[in-house]
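J.: I'm passing along coords-v9.txt; it holds compact mmCIF, C-alpha atoms.
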```txt
# COMPACT_ATOMS: atom_id res chain seq x y z
CA MET A 640 -44.61 6.12 62.59
CA TRP A 641 -44.89 6.63 66.34
CA ASP A 642 -47.08 9.57 67.23
CA PRO A 643 -45.64 11.65 70.11
CA LYS A 644 -49.17 12.80 70.91
CA ALA A 645 -50.52 9.27 71.30
CA GLY A 646 -50.79 7.40 74.56
CA PHE A 647 -48.02 5.25 75.97
CA GLY A 648 -47.81 1.58 76.76
CA GLN A 649 -46.02 -0.41 79.35
CA ARG A 650 -43.65 1.32 81.78
CA MET A 651 -39.89 0.86 81.15
CA ASP A 652 -37.66 -0.72 83.74
CA VAL A 653 -34.81 1.82 83.61
CA GLY A 654 -33.48 2.14 87.11
CA PRO A 655 -34.36 3.33 90.58
CA ARG A 656 -37.43 5.50 91.14
CA GLY A 657 -36.97 9.15 91.98
CA GLN A 658 -33.91 9.69 89.82
CA GLU A 659 -33.96 11.88 86.77
CA ALA A 660 -32.54 11.07 83.39
CA TRP A 661 -30.99 13.81 81.24
CA PHE A 662 -31.74 13.91 77.57
CA PHE A 663 -31.06 16.28 74.71
CA CYS A 664 -34.21 17.15 72.81
CA LEU A 665 -34.58 18.05 69.13
CA ARG A 666 -37.65 18.70 67.05
CA ILE A 667 -37.63 16.43 64.06
CA LEU A 668 -40.39 14.73 62.10
CA GLY A 669 -42.76 17.31 63.58
CA GLY A 670 -42.32 15.91 67.09
CA ARG A 671 -40.04 15.96 70.11
CA TYR A 672 -37.22 13.44 70.00
CA ALA A 673 -34.56 13.16 72.67
CA PHE A 674 -31.48 11.07 73.24
CA GLU A 675 -28.79 10.61 75.87
CA ALA A 676 -27.48 14.09 76.67
CA ALA A 677 -23.89 12.93 77.14
CA LEU A 678 -23.66 12.13 73.42
CA VAL A 679 -24.00 15.80 72.44
CA THR A 680 -20.92 18.00 72.43
CA GLU A 681 -22.43 21.16 71.02
CA VAL A 682 -25.14 22.73 68.92
CA VAL A 683 -24.18 24.54 65.73
CA ARG A 684 -25.86 26.61 63.09
CA LEU A 685 -25.25 24.81 59.82
CA GLY A 686 -23.12 26.64 57.31
CA PRO A 687 -23.31 25.97 53.60
CA LEU A 688 -23.42 22.24 53.03
CA THR A 689 -21.34 20.44 50.44
CA ARG A 690 -23.17 17.53 48.89
CA LEU A 691 -21.03 14.43 48.50
CA PRO A 692 -21.26 12.35 45.33
CA ALA A 693 -22.53 8.78 45.79
CA ALA A 694 -23.76 9.58 49.30
CA PRO A 695 -26.97 7.99 50.61
CA PRO A 696 -29.87 10.47 50.96
CA PHE A 697 -29.67 10.58 54.77
CA LEU A 698 -26.08 11.88 54.51
CA THR A 699 -27.12 15.39 53.50
CA GLY A 700 -23.61 16.73 53.10
CA VAL A 701 -20.60 18.02 55.00
CA PHE A 702 -19.60 21.38 56.43
CA THR A 703 -16.64 22.83 58.27
CA HIS A 704 -16.84 23.69 61.93
CA ARG A 705 -13.75 25.14 63.60
CA GLY A 706 -11.57 23.66 60.90
CA GLU A 707 -13.10 20.20 61.14
CA VAL A 708 -15.24 18.68 58.40
CA LEU A 709 -18.40 17.13 59.81
CA PRO A 710 -21.02 14.96 58.11
CA VAL A 711 -24.71 15.88 58.46
CA LEU A 712 -27.25 13.17 59.23
CA ASP A 713 -30.95 13.72 58.44
CA VAL A 714 -33.04 11.33 60.55
CA SER A 715 -36.15 12.18 58.50
CA GLN A 716 -34.45 10.90 55.35
CA LEU A 717 -33.21 7.81 57.13
CA VAL A 718 -36.71 6.76 58.15
CA GLY A 719 -38.26 7.75 54.82
CA GLN A 720 -40.23 10.72 56.12
CA GLY A 721 -38.99 13.44 53.75
CA SER A 722 -36.12 15.72 54.58
CA ILE A 723 -35.36 18.69 56.79
CA PRO A 724 -34.70 21.76 54.64
CA VAL A 725 -31.34 23.35 55.47
CA ARG A 726 -31.57 27.14 55.84
CA PRO A 727 -29.12 29.63 57.40
CA SER A 728 -31.09 29.29 60.65
CA THR A 729 -31.02 25.49 60.68
CA ARG A 730 -29.31 23.98 63.70
CA ALA A 731 -27.72 20.64 64.29
CA ALA A 732 -26.52 18.77 67.35
CA ILE A 733 -23.00 17.39 67.09
CA VAL A 734 -23.19 13.85 68.40
CA HIS A 735 -20.48 11.32 69.26
CA CYS A 736 -21.59 7.71 68.88
CA GLY A 737 -18.66 5.35 69.27
CA PRO A 738 -16.31 5.96 66.33
CA TRP A 739 -18.77 8.23 64.55
CA LYS A 740 -19.11 11.97 64.93
CA VAL A 741 -22.11 13.42 63.10
CA ALA A 742 -24.20 16.57 63.07
CA VAL A 743 -27.86 15.59 63.48
CA VAL A 744 -29.93 18.19 61.66
CA SER A 745 -33.12 19.38 63.34
CA GLU A 746 -36.20 21.49 62.71
CA ALA A 747 -35.46 23.18 66.05
CA VAL A 748 -33.31 22.55 69.10
CA GLU A 749 -35.07 22.35 72.44
CA GLY A 750 -31.97 21.50 74.47
CA LEU A 751 -31.52 19.61 77.71
CA ILE A 752 -34.56 18.10 79.34
CA THR A 753 -34.94 15.96 82.43
CA VAL A 754 -37.39 13.14 82.73
CA PRO A 755 -38.02 11.22 85.95
CA ARG A 756 -36.83 7.70 85.30
CA ARG A 757 -40.08 6.34 86.63
CA ALA A 758 -41.89 8.28 83.88
CA LEU A 759 -40.02 6.48 81.11
CA GLU A 760 -42.10 3.89 79.35
CA ALA A 761 -41.35 1.21 76.83
CA PRO A 762 -41.65 2.25 73.19
CA PRO A 763 -44.52 0.99 71.05
CA ALA A 764 -44.03 -2.46 69.56
CA GLU A 765 -44.07 -0.96 66.07
CA SER A 766 -40.86 -1.67 64.18
CA SER A 767 -41.14 0.58 61.15
CA GLY A 768 -40.01 4.12 60.56
CA VAL A 769 -38.54 5.98 63.49
CA ALA A 770 -40.22 3.60 65.97
CA GLU A 771 -37.50 1.11 65.13
CA PHE A 772 -34.99 3.37 66.89
CA LEU A 773 -36.95 4.28 69.99
CA SER A 774 -35.76 3.11 73.37
CA GLY A 775 -38.61 4.69 75.29
CA VAL A 776 -41.27 7.32 75.49
CA ALA A 777 -42.08 9.81 78.20
CA GLN A 778 -44.15 12.82 79.11
CA ASP A 779 -42.71 16.02 80.54
CA ARG A 780 -44.20 19.47 81.17
CA LEU A 781 -44.03 20.27 77.45
CA GLY A 782 -45.76 17.08 76.39
CA ALA A 783 -44.79 13.78 74.88
CA VAL A 784 -41.19 13.04 74.02
CA ALA A 785 -39.77 10.02 72.24
CA ILE A 786 -36.40 8.71 73.37
CA LEU A 787 -34.11 7.73 70.50
CA ASP A 788 -31.38 5.13 70.79
CA MET A 789 -28.99 7.39 68.90
CA PRO A 790 -26.00 4.98 68.75
CA ARG A 791 -28.28 2.31 67.25
CA LEU A 792 -29.74 4.80 64.79
CA VAL A 793 -26.33 6.00 63.61
CA GLU A 794 -25.04 2.45 63.29
CA ALA A 795 -28.18 1.42 61.36
CA ALA A 796 -27.64 4.34 59.00
CA ARG A 797 -24.10 3.21 58.33
CA ALA A 798 -25.23 -0.37 57.79
CA ARG A 799 -28.00 0.68 55.39
CA ALA A 800 -25.46 2.54 53.27
CA VAL A 801 -23.69 -0.74 52.48
CA PRO A 802 -24.88 -1.81 49.03
CA ALA A 803 -26.66 -5.16 48.74
CA GLY A 804 -24.10 -7.93 48.74
CA GLY A 805 -21.48 -5.63 50.26
CA ALA A 806 -20.06 -4.69 46.88
CA ALA A 807 -18.88 -1.22 46.03
CA ALA A 808 -21.52 0.93 44.35
CA MET B 198 1.89 27.91 56.00
CA SER B 199 2.04 24.42 54.56
CA ASP B 200 4.16 23.50 51.57
CA PRO B 201 2.27 23.27 48.30
CA ILE B 202 1.92 19.65 47.34
CA SER B 203 -0.17 19.55 44.25
CA GLU B 204 -2.07 21.41 41.64
CA ILE B 205 -5.76 20.79 41.43
CA LEU B 206 -8.35 21.45 38.78
CA LEU B 207 -11.68 22.89 39.89
CA PHE B 208 -14.69 22.10 37.74
CA GLN B 209 -18.44 22.25 37.98
CA VAL B 210 -21.07 19.64 37.19
CA GLY B 211 -24.62 20.87 37.62
CA ALA B 212 -24.69 23.15 40.65
CA HIS B 213 -21.73 21.52 42.37
CA VAL B 214 -17.99 22.25 42.30
CA PHE B 215 -15.44 19.45 42.44
CA ALA B 216 -11.66 19.26 42.57
CA ALA B 217 -9.31 16.77 40.95
CA PRO B 218 -5.54 16.39 40.70
CA VAL B 219 -4.20 18.05 37.57
CA ARG B 220 -1.92 15.05 37.00
CA ASP B 221 -4.98 12.97 36.05
CA VAL B 222 -6.01 15.40 33.33
CA VAL B 223 -4.67 14.95 29.80
CA ARG B 224 -6.36 18.06 28.42
CA ILE B 225 -9.38 20.28 28.66
CA GLY B 226 -11.50 20.75 25.61
CA THR B 227 -14.91 21.21 24.18
CA VAL B 228 -17.46 18.52 23.54
CA ARG B 229 -17.31 19.02 19.78
CA ASP B 230 -13.61 18.02 19.81
CA SER B 231 -14.45 14.51 21.00
CA ALA B 232 -16.28 11.60 19.45
CA ALA B 233 -19.75 11.08 20.89
CA GLU B 234 -18.94 7.53 22.03
CA GLU B 235 -16.04 8.79 24.16
CA LEU B 236 -18.18 11.23 26.13
CA VAL B 237 -19.16 10.37 29.69
CA LEU B 238 -22.18 12.35 30.80
CA ASP B 239 -23.94 10.98 33.85
CA THR B 240 -21.56 9.97 36.61
CA ALA B 241 -21.77 9.95 40.40
CA LEU B 242 -21.04 13.69 40.18
CA GLY B 243 -24.38 14.30 38.47
CA THR B 244 -25.40 15.29 34.96
CA PRO B 245 -24.08 18.52 33.44
CA PHE B 246 -26.56 21.15 32.30
CA SER B 247 -24.72 22.68 29.37
CA ARG B 248 -22.58 19.81 28.00
CA GLN B 249 -20.02 22.06 26.33
CA ARG B 250 -16.74 21.62 28.20
CA CYS B 251 -14.97 18.37 28.85
CA ILE B 252 -12.00 16.96 30.71
CA VAL B 253 -9.99 14.27 28.98
CA VAL B 254 -8.69 11.71 31.46
CA ALA B 255 -6.08 9.03 30.86
CA SER B 256 -7.49 5.55 31.35
CA PRO B 257 -5.60 2.28 30.90
CA GLY B 258 -5.49 1.65 27.16
CA SER B 259 -7.51 4.71 26.18
CA GLU B 260 -8.68 8.18 27.03
CA ARG B 261 -12.11 8.96 28.48
CA THR B 262 -13.83 12.31 28.27
CA LEU B 263 -15.86 13.60 31.20
CA VAL B 264 -18.40 16.21 30.21
CA VAL B 265 -18.67 19.08 32.69
CA ASP B 266 -20.46 22.42 32.82
CA GLN B 267 -17.49 24.59 33.55
CA VAL B 268 -13.80 24.43 34.27
CA VAL B 269 -13.46 26.86 37.14
CA GLY B 270 -9.67 27.03 37.26
CA PHE B 271 -6.50 25.71 38.85
CA ARG B 272 -5.28 26.00 42.43
CA THR B 273 -2.17 24.93 44.23
CA VAL B 274 -3.06 23.35 47.53
CA GLY B 275 -1.05 22.51 50.60
CA GLU B 276 -0.96 19.31 52.59
CA ASN B 277 -3.37 20.66 55.20
CA ASP B 278 -5.94 21.60 52.59
CA VAL B 279 -6.58 17.99 51.59
CA GLN B 280 -8.47 15.95 54.16
CA PRO B 281 -9.84 12.44 54.26
CA LEU B 282 -13.60 12.06 54.42
CA PRO B 283 -15.04 12.18 57.94
CA ALA B 284 -15.20 8.61 59.28
CA PHE B 285 -19.00 8.35 59.11
CA ALA B 286 -19.10 9.65 55.54
CA ALA B 287 -16.32 7.28 54.51
CA ALA B 288 -18.27 4.37 56.02
CA CYS B 289 -21.42 5.36 54.10
CA ILE B 290 -19.96 6.08 50.67
CA HIS B 291 -18.82 3.10 48.68
CA SER B 292 -17.17 4.79 45.76
CA GLY B 293 -13.43 5.03 45.37
CA ALA B 294 -13.96 8.09 43.19
CA LEU B 295 -14.39 10.33 46.22
CA ALA B 296 -10.80 10.49 47.40
CA GLY B 297 -11.28 13.11 50.10
CA LEU B 298 -12.08 16.77 50.53
CA VAL B 299 -10.15 19.89 49.65
CA VAL B 300 -11.00 22.72 52.00
CA LEU B 301 -10.98 25.94 49.99
CA ASP B 302 -11.92 29.17 51.77
CA ASP B 303 -13.39 27.06 54.58
CA ILE B 304 -15.68 25.19 52.16
CA PRO B 305 -15.09 21.45 51.75
CA THR B 306 -14.91 20.52 48.08
CA PRO B 307 -15.11 16.87 46.99
CA PHE B 308 -11.71 15.70 45.75
CA ILE B 309 -12.32 13.35 42.84
CA ASP B 310 -10.16 10.53 41.56
CA LEU B 311 -11.12 10.96 37.90
CA PRO B 312 -9.77 7.63 36.55
CA THR B 313 -11.68 5.75 39.28
CA LEU B 314 -14.83 7.79 38.62
CA LEU B 315 -14.76 6.84 34.96
CA ARG B 316 -13.86 3.22 35.71
CA GLU B 317 -16.81 2.92 38.12
CA HIS B 318 -19.07 4.57 35.56
CA ALA B 319 -18.00 2.06 32.93
CA ALA B 320 -18.54 -0.83 35.36
CA ARG B 321 -22.07 0.38 36.16
CA ARG B 322 -22.90 0.48 32.46
CA VAL B 323 -21.77 -3.11 32.10
CA THR B 324 -23.70 -4.28 35.18
CA PRO B 325 -26.58 -1.85 35.75
CA GLN B 326 -27.88 -1.81 39.36
```
Here is the file; what I need is its structure written in the form of structure tokens.

T.:
Amino acid sequence: MWDPKAGFGQRMDVGPRGQEAWFFCLRILGGRYAFEAALVTEVVRLGPLTRLPAAPPFLTGVFTHRGEVLPVLDVSQLVGQGSIPVRPSTRAAIVHCGPWKVAVVSEAVEGLITVPRRALEAPPAESSGVAEFLSGVAQDRLGAVAILDMPRLVEAARARAVPAGGAAA
Amino acid sequence: MSDPISEILLFQVGAHVFAAPVRDVVRIGTVRDSAAEELVLDTALGTPFSRQRCIVVASPGSERTLVVDQVVGFRTVGENDVQPLPAFAAACIHSGALAGLVVLDDIPTPFIDLPTLLREHAARRVTPQ
């Protein structure tokens, strides 16, 4: 697993110098993980979750929010790093990724952060665990932050839920 | 207010409550009323703790008996109370037994297609994964 406290590698080529990139930052897996801010529509406190039968472990359950039923995605479960316990204080970011709308559960919500584009660096070459879904790493005034490719992560979750051979479970 | 469209049965397996259309239920009974070989215990819904109550479901050519912990009761639900699964959940769950969600008192409750649940259970026993 990538360690947010570890040093960074090669600098990313992500656009002109001097511009800032906006990200939305969550605390998960004991570290700071951010993703494109425009994907987030709101942050909610999770109500009681309903577990769904035959659901993969990363699909923790569903809950209603303003009359809409939303699925809850646990990134920790997806990358095999345990699970985030859901308590009345637990918050989730509602994220739109293409056709999918999911609530990404977090240990804590940090909110919007800005990172100078020139400070973004390429992710480590590691391809296991959460590192597989990193698009970059950076350092801001609060420390190291890993940038998640959230659309790729959500799509990978969906793909991993397909049983081997594509047959119904 | 929406028009009532169907009666549902609410039942509990383990710690979880599920709903199913009453039309799929032949009768509700106790485990001792059924032959042991007809009882279905461990399905995608989980394994019941107490194994006392059961729901008899019509299956093609026979009846199957789903063992549950508790029959919670009946409700009449309106069209707006039954929702499809959210798109991401539907894409991740590959069981036809989960037919949707019934929102009761703002809580989504899995809406179970009982004949499909028992058919899938039987298929898994034939070809264990």

J.: Pick out the closest residue to Thr262 (chain B) from this set: B:Val299, B:Val219, B:Val228, B:Val214. Count only C-alpha atoms.

T.: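 Under the stated criterion, the closest residue is B:Val228.
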
J.: I need the contact residues of chain B against chain A, so if you could list those with any atom within 8 Å, counting only C-alpha atoms, and return them as a ChimeraX atom specification, that would help.

T.: /B:213,241-243,282-286,288-292,295,303-307

J.: May I ask for the distance between CA of Val679 (chain A) and CA of Val300 (chain B), given in Å to one decimal place?

T.: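 Distance between the two atoms: 25.2 Å.
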
J.: Provide the CA of Ile205 (chain B) to CA of Leu238 (chain B) distance in Å, to one decimal place.

T.: 21.3 Å

J.: Leaving out Asp788 (chain A) and any residue of its chain fewer than 6 positions from it, which residues lie within 9 Å of it when counting only C-alpha atoms, given as a ChimeraX atom specification?

T.: /A:673-675,772-775

J.: Quick one: residues within 6 Å of Tyr672 (chain A), all atoms listed in the file, excluding same-chain residues fewer than 6 positions away - as a PyMOL selection string?

T.: chain A and resi 664-665+784-786
